[in-house]
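Coordinates as given in coords.csv (CSV, C-alpha atoms):
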chain,number,residue,atom,x,y,z
A,1,ASP,CA,-11.9,-19.1,2.2
A,2,GLY,CA,-10.4,-18.0,-1.1
A,3,GLY,CA,-7.1,-16.4,-1.1
A,4,ILE,CA,-3.3,-16.5,-1.6
A,5,THR,CA,-0.9,-18.1,0.7
A,6,GLN,CA,2.9,-17.7,0.8
A,7,SER,CA,5.3,-19.7,2.8
A,8,PRO,CA,7.4,-19.4,4.7
A,9,LYS,CA,6.8,-16.0,6.4
A,10,TYR,CA,10.5,-15.6,7.3
A,11,LEU,CA,13.4,-17.3,5.5
A,12,PHE,CA,17.1,-17.2,6.1
A,13,ARG,CA,19.6,-18.6,3.7
A,14,LYS,CA,23.4,-18.6,3.5
A,15,GLU,CA,25.1,-16.8,0.7
A,16,GLY,CA,25.5,-19.0,-2.4
A,17,GLN,CA,22.4,-21.1,-1.8
A,18,ASN,CA,19.3,-21.2,-3.9
A,19,VAL,CA,16.0,-20.9,-2.2
A,20,THR,CA,12.4,-21.4,-3.3
A,21,LEU,CA,9.5,-19.3,-2.1
A,22,SER,CA,6.0,-20.8,-2.3
A,23,CYS,CA,2.8,-19.1,-3.6
A,24,GLU,CA,-0.5,-20.8,-3.9
A,25,GLN,CA,-3.9,-19.4,-4.8
A,26,ASN,CA,-7.4,-20.9,-4.8
A,27,LEU,CA,-9.1,-18.0,-6.5
A,28,ASN,CA,-9.1,-19.7,-10.0
A,29,HIS,CA,-7.1,-16.7,-11.3
A,30,ASP,CA,-5.2,-17.1,-14.6
A,31,ALA,CA,-2.6,-14.4,-13.8
A,32,MET,CA,0.0,-14.5,-11.1
A,33,TYR,CA,2.9,-12.1,-10.1
A,34,TRP,CA,6.0,-11.9,-8.0
A,35,TYR,CA,7.1,-8.5,-6.6
A,36,ARG,CA,10.0,-7.4,-4.5
A,37,GLN,CA,9.9,-4.6,-2.0
A,38,ASP,CA,12.9,-2.7,-0.7
A,39,PRO,CA,12.8,0.1,1.8
A,40,GLY,CA,11.6,3.4,0.3
A,41,GLN,CA,10.8,1.9,-3.0
A,42,GLY,CA,7.6,0.7,-4.7
A,43,LEU,CA,6.8,-2.9,-5.5
A,44,ARG,CA,9.0,-4.0,-8.4
A,45,LEU,CA,7.9,-6.7,-10.7
A,46,ILE,CA,10.1,-9.8,-10.9
A,47,TYR,CA,8.1,-12.2,-13.0
A,48,TYR,CA,4.5,-12.6,-14.1
A,49,SER,CA,2.5,-15.4,-15.6
A,50,GLN,CA,-0.7,-15.0,-17.7
A,51,ILE,CA,-1.5,-18.7,-17.9
A,52,VAL,CA,-0.3,-22.1,-17.0
A,53,ASN,CA,3.1,-23.0,-18.6
A,54,ASP,CA,3.7,-19.4,-19.5
A,55,PHE,CA,5.7,-16.7,-17.7
A,56,GLN,CA,7.4,-13.4,-18.6
A,57,LYS,CA,10.2,-11.4,-17.1
A,58,GLY,CA,9.5,-8.2,-15.2
A,59,ASP,CA,11.9,-5.4,-14.5
A,60,ILE,CA,14.2,-7.2,-12.2
A,61,ALA,CA,14.2,-10.9,-13.3
A,62,GLU,CA,18.0,-11.4,-13.2
A,63,GLY,CA,18.9,-13.9,-10.5
A,64,TYR,CA,15.4,-15.3,-10.2
A,65,SER,CA,13.5,-18.1,-11.9
A,66,VAL,CA,9.8,-19.3,-11.8
A,67,SER,CA,7.6,-22.1,-13.0
A,68,ARG,CA,3.9,-22.3,-13.6
A,69,GLU,CA,3.0,-26.0,-13.9
A,70,LYS,CA,-0.3,-25.6,-12.2
A,71,LYS,CA,-2.8,-22.8,-12.3
A,72,GLU,CA,-2.8,-22.4,-8.5
A,73,SER,CA,0.9,-22.4,-8.0
A,74,PHE,CA,3.7,-20.0,-9.0
A,75,PRO,CA,6.9,-20.7,-7.0
A,76,LEU,CA,9.9,-18.3,-7.1
A,77,THR,CA,13.5,-19.5,-6.9
A,78,VAL,CA,16.0,-17.0,-5.7
A,79,THR,CA,19.3,-18.2,-7.1
A,80,SER,CA,22.9,-17.6,-6.0
A,81,ALA,CA,23.2,-15.2,-9.0
A,82,GLN,CA,20.9,-12.7,-7.4
A,83,LYS,CA,23.4,-10.2,-6.0
A,84,ASN,CA,21.2,-8.6,-3.3
A,85,PRO,CA,18.4,-11.0,-2.4
A,86,THR,CA,17.6,-9.8,1.1
A,87,ALA,CA,14.1,-8.2,0.6
A,88,PHE,CA,10.4,-8.6,1.2
A,89,TYR,CA,8.7,-10.7,-1.5
A,90,LEU,CA,5.0,-10.5,-2.4
A,91,CYS,CA,3.0,-12.8,-4.6
A,92,ALA,CA,-0.3,-11.7,-6.2
A,93,SER,CA,-2.9,-13.0,-8.6
A,94,SER,CA,-5.6,-11.5,-10.8
A,95,TYR,CA,-8.3,-12.7,-13.1
A,96,GLU,CA,-6.2,-11.6,-16.1
A,97,THR,CA,-3.2,-9.4,-16.5
A,98,SER,CA,-5.0,-6.6,-18.2
A,99,GLY,CA,-5.3,-4.2,-15.3
A,100,TYR,CA,-7.6,-6.3,-13.2
A,101,GLU,CA,-7.5,-5.9,-9.4
A,102,GLN,CA,-4.6,-7.9,-7.8
A,103,PHE,CA,-5.0,-10.0,-4.7
A,104,PHE,CA,-1.9,-10.3,-2.6
A,105,GLY,CA,-0.4,-12.9,-0.3
A,106,PRO,CA,1.1,-12.1,3.1
A,107,GLY,CA,4.6,-12.0,1.8
A,108,THR,CA,7.9,-13.7,2.6
A,109,ARG,CA,10.9,-11.8,4.2
A,110,LEU,CA,14.1,-13.3,2.9
A,111,THR,CA,17.4,-12.6,4.7
A,112,VAL,CA,20.7,-13.7,3.3
A,113,LEU,CA,23.3,-14.3,6.0
B,114,ILE,CA,10.7,4.4,-18.3
B,115,LEU,CA,7.3,4.5,-16.6
B,116,ASN,CA,7.7,6.6,-13.4
B,117,VAL,CA,4.9,6.6,-10.9
B,118,GLU,CA,5.4,9.2,-8.2
B,119,GLN,CA,3.4,9.4,-5.0
B,120,SER,CA,3.3,12.4,-2.7
B,121,PRO,CA,3.8,13.0,0.1
B,122,GLN,CA,6.0,10.1,1.2
B,123,SER,CA,4.4,10.2,4.7
B,124,LEU,CA,1.7,12.1,6.4
B,125,HIS,CA,0.7,12.5,10.1
B,126,VAL,CA,-2.8,13.8,10.8
B,127,GLN,CA,-5.1,14.0,13.8
B,128,GLU,CA,-8.2,11.9,14.1
B,129,GLY,CA,-11.1,13.8,12.3
B,130,ASP,CA,-8.9,15.6,9.9
B,131,SER,CA,-9.5,15.2,6.2
B,132,THR,CA,-6.5,14.5,4.0
B,133,ASN,CA,-5.5,13.8,0.4
B,134,PHE,CA,-2.5,12.5,-1.5
B,135,THR,CA,-1.4,12.3,-5.1
B,136,CYS,CA,-0.3,9.7,-7.6
B,137,SER,CA,1.4,11.0,-10.8
B,138,PHE,CA,1.9,8.8,-13.8
B,139,PRO,CA,2.7,9.1,-17.5
B,140,SER,CA,-0.2,10.6,-19.4
B,141,SER,CA,0.4,8.5,-22.6
B,142,ASN,CA,-0.8,5.0,-23.1
B,143,PHE,CA,-3.2,4.9,-20.1
B,144,TYR,CA,-5.1,1.7,-19.4
B,145,ALA,CA,-5.9,1.6,-15.7
B,146,LEU,CA,-4.9,3.0,-12.3
B,147,HIS,CA,-5.3,1.1,-9.1
B,148,TRP,CA,-5.2,2.3,-5.5
B,149,TYR,CA,-4.3,-0.2,-2.7
B,150,ARG,CA,-4.3,0.1,1.1
B,151,TRP,CA,-1.5,-1.8,2.9
B,152,GLU,CA,-1.9,-2.1,6.6
B,153,THR,CA,1.0,-3.2,8.8
B,154,ALA,CA,1.3,-7.0,9.0
B,155,LYS,CA,-1.4,-7.4,6.4
B,156,SER,CA,-1.5,-7.9,2.6
B,157,PRO,CA,-2.2,-5.0,0.3
B,158,GLU,CA,-5.9,-4.7,-0.6
B,159,ALA,CA,-7.5,-3.0,-3.6
B,160,LEU,CA,-9.5,0.2,-2.9
B,161,PHE,CA,-10.2,1.3,-6.4
B,162,VAL,CA,-9.7,0.3,-10.1
B,163,MET,CA,-10.0,3.4,-12.3
B,164,THR,CA,-10.1,3.3,-16.1
B,165,LEU,CA,-11.8,6.4,-17.4
B,166,ASN,CA,-10.7,10.0,-17.5
B,167,GLY,CA,-12.8,11.9,-15.0
B,168,ASP,CA,-13.6,8.7,-13.0
B,169,GLU,CA,-14.6,9.4,-9.4
B,170,LYS,CA,-14.9,6.4,-7.0
B,171,LYS,CA,-16.0,6.3,-3.4
B,172,LYS,CA,-15.9,3.7,-0.7
B,173,GLY,CA,-17.2,5.0,2.7
B,174,ARG,CA,-15.0,7.9,3.7
B,175,ILE,CA,-12.4,7.3,1.0
B,176,SER,CA,-12.7,8.6,-2.5
B,177,ALA,CA,-10.5,8.9,-5.6
B,178,THR,CA,-10.4,11.0,-8.8
B,179,LEU,CA,-8.6,10.4,-12.0
B,180,ASN,CA,-7.2,12.8,-14.7
B,181,THR,CA,-5.6,10.7,-17.4
B,182,LYS,CA,-4.9,13.7,-19.7
B,183,GLU,CA,-2.6,15.3,-17.1
B,184,GLY,CA,-1.5,12.1,-15.5
B,185,TYR,CA,-2.6,12.3,-11.9
B,186,SER,CA,-5.0,10.7,-9.4
B,187,TYR,CA,-6.0,12.0,-6.0
B,188,LEU,CA,-7.0,9.9,-3.0
B,189,TYR,CA,-9.1,11.6,-0.4
B,190,ILE,CA,-9.9,10.5,3.2
B,191,LYS,CA,-12.7,12.4,5.0
B,192,GLY,CA,-12.6,12.5,8.8
B,193,SER,CA,-9.6,10.3,9.2
B,194,GLN,CA,-9.7,7.5,11.8
B,195,PRO,CA,-6.8,5.7,13.5
B,196,GLU,CA,-7.8,2.5,11.5
B,197,ASP,CA,-7.1,4.4,8.3
B,198,SER,CA,-3.4,4.3,9.2
B,199,ALA,CA,-1.7,2.4,6.4
B,200,THR,CA,0.5,2.8,3.3
B,201,TYR,CA,-1.5,3.8,0.3
B,202,LEU,CA,-0.1,2.5,-3.0
B,203,CYS,CA,-1.1,3.4,-6.5
B,204,ALA,CA,-0.3,1.3,-9.6
B,205,PHE,CA,-0.3,2.4,-13.2
B,206,PHE,CA,-1.1,0.0,-16.1
B,207,PRO,CA,-0.3,1.2,-19.6
B,208,GLY,CA,-2.0,-1.8,-21.1
B,209,ASN,CA,0.8,-3.9,-22.5
B,210,ASN,CA,1.0,-6.2,-19.4
B,211,ASP,CA,3.5,-3.7,-17.9
B,212,MET,CA,2.7,-2.2,-14.6
B,213,ARG,CA,4.3,0.2,-12.2
B,214,PHE,CA,3.7,0.8,-8.5
B,215,GLY,CA,4.5,4.0,-6.7
B,216,ALA,CA,6.5,3.9,-3.5
B,217,GLY,CA,3.4,4.7,-1.5
B,218,THR,CA,2.2,7.3,1.0
B,219,ARG,CA,2.4,6.3,4.6
B,220,LEU,CA,-0.5,7.7,6.6
B,221,THR,CA,-0.5,7.9,10.4
B,222,VAL,CA,-3.7,9.0,12.1
B,223,LYS,CA,-3.2,10.1,15.7
B,224,PRO,CA,-6.2,9.6,18.2
Output the structure of this file as structure tokens.
Amino acid sequence: DGGITQSPKYLFRKEGQNVTLSCEQNLNHDAMYWYRQDPGQGLRLIYYSQIVNDFQKGDIAEGYSVSREKKESFPLTVTSAQKNPTAFYLCASSYETSGYEQFFGPGTRLTVL
Amino acid sequence: ILNVEQSPQSLHVQEGDSTNFTCSFPSSNFYALHWYRWETAKSPEALFVMTLNGDEKKKGRISATLNTKEGYSYLYIKGSQPEDSATYLCAFFPGNNDMRFGAGTRLTVKP
């Protein structure tokens, strides 16, 4: 089955630690995205990638980093510089970035203790 | 700043009721508007991708309209069923790889 997977579903980390969230897709999509959701707010874009070895900052990129070494993978690292990292993180992909329908993964809930 | 507003924030209806909610977005630099349904414990799924002023899309009991000149889209659900309970998100694309999601409308349909 084609789709997007994210792991893990729940993640706990101690303050001051970096943590990497996984996102893999087998839809052969060029574009991939990372969003963050906080209660009562819409999805906010952290980073997006239009193609392998390319990525662009979204609205709230500070404290996060990404890589796109393979078409199917777009991992997100939440660094210790992110001041309020506890949130729900969603990964998505689309054929291209130009307004194409996005397909979402199941999400990872990160809690910083 | 691209503000996408959705109203109402939440809605409770009885099974069989018809309902609608609104997505408001900037009327300049329009490229596309998406509607997604996000059921609890599942991933958001696309309902409609709308690109033209006056677009009307339909999928079963759910339909959507688009007015790009005044900057709004309506989502309609006819004869709501409990399985329609979900959060409905709209996303606005101005065409420069930017995108904005609204906070969503949470719909609860009571049997």
Using all atoms listed in the file, which protein or nucleic acid residues come within 8 Å of stretch 2-13 of chain A? Drop anything in the same chain fewer than 5 positions from it, and give the result as number ranges by chain.
A: 19, 21-27, 91-93, 103-113
For A:Gly40, work out the shell of residues within 9 Å, counting only C-alpha atoms and skipping chain neighbours fewer than 3 positions away, then give it as a PyMOL selection string.
(chain A and resi 37) or (chain B and resi 122+216-217)
Non-local contacts of A:Ile46 (8 Å; only C-alpha atoms; under 6 positions in same chain excluded) as a ChimeraX atom specification:
/A:33-36,57-61,64
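Distance check against B:Thr221 using all atoms listed in the file: of B:Ala204, B:Cys136, B:Leu179, B:Ala199, the minimum falls on B:Ala199.
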Chain B residues near chain A (7 Å cut-off, all atoms listed in the file) as a list of chain:residue names:
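My answer is B:Ala145, B:Lys155, B:Ser156, B:Pro157, B:Glu158, B:Ala159, B:Val162, B:Phe206, B:Gly208, B:Asn210, B:Phe214, B:Gly215, B:Ala216, B:Gly217.
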May I have the protein, DNA and RNA residues with any atom at most 7 Å from the point (-1.6, 10.6, -5.8), counting all atoms listed in the file, written as a list in words?
Gln119, Ser120, Phe134, Thr135, Cys136, Ser137, Tyr185, Ser186, Tyr187 and Leu188 of chain B
Which distance in Å separates atom CA of A:Gln17 and atom CA of A:Asn84, to one decimal?
12.6 Å
So which residues touch B:Gly129 within 12 Å, counting all atoms listed in the file, skipping near sequence neighbours fewer than 4 positions away, as a PDB file with C-alpha atoms, in the frame of the given file?
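So the final result, stored in selection-v1.pdb, reads:
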ATOM      1  CA  ARG B 174     -15.000   7.900   3.700  1.00  0.00           C
ATOM      2  CA  ILE B 190      -9.900  10.500   3.200  1.00  0.00           C
ATOM      3  CA  LYS B 191     -12.700  12.400   5.000  1.00  0.00           C
ATOM      4  CA  GLY B 192     -12.600  12.500   8.800  1.00  0.00           C
ATOM      5  CA  SER B 193      -9.600  10.300   9.200  1.00  0.00           C
ATOM      6  CA  GLN B 194      -9.700   7.500  11.800  1.00  0.00           C
ATOM      7  CA  PRO B 195      -6.800   5.700  13.500  1.00  0.00           C
ATOM      8  CA  GLU B 196      -7.800   2.500  11.500  1.00  0.00           C
ATOM      9  CA  ASP B 197      -7.100   4.400   8.300  1.00  0.00           C
ATOM     10  CA  VAL B 222      -3.700   9.000  12.100  1.00  0.00           C
ATOM     11  CA  LYS B 223      -3.200  10.100  15.700  1.00  0.00           C
ATOM     12  CA  PRO B 224      -6.200   9.600  18.200  1.00  0.00           C
TER      13      PRO B 224
END
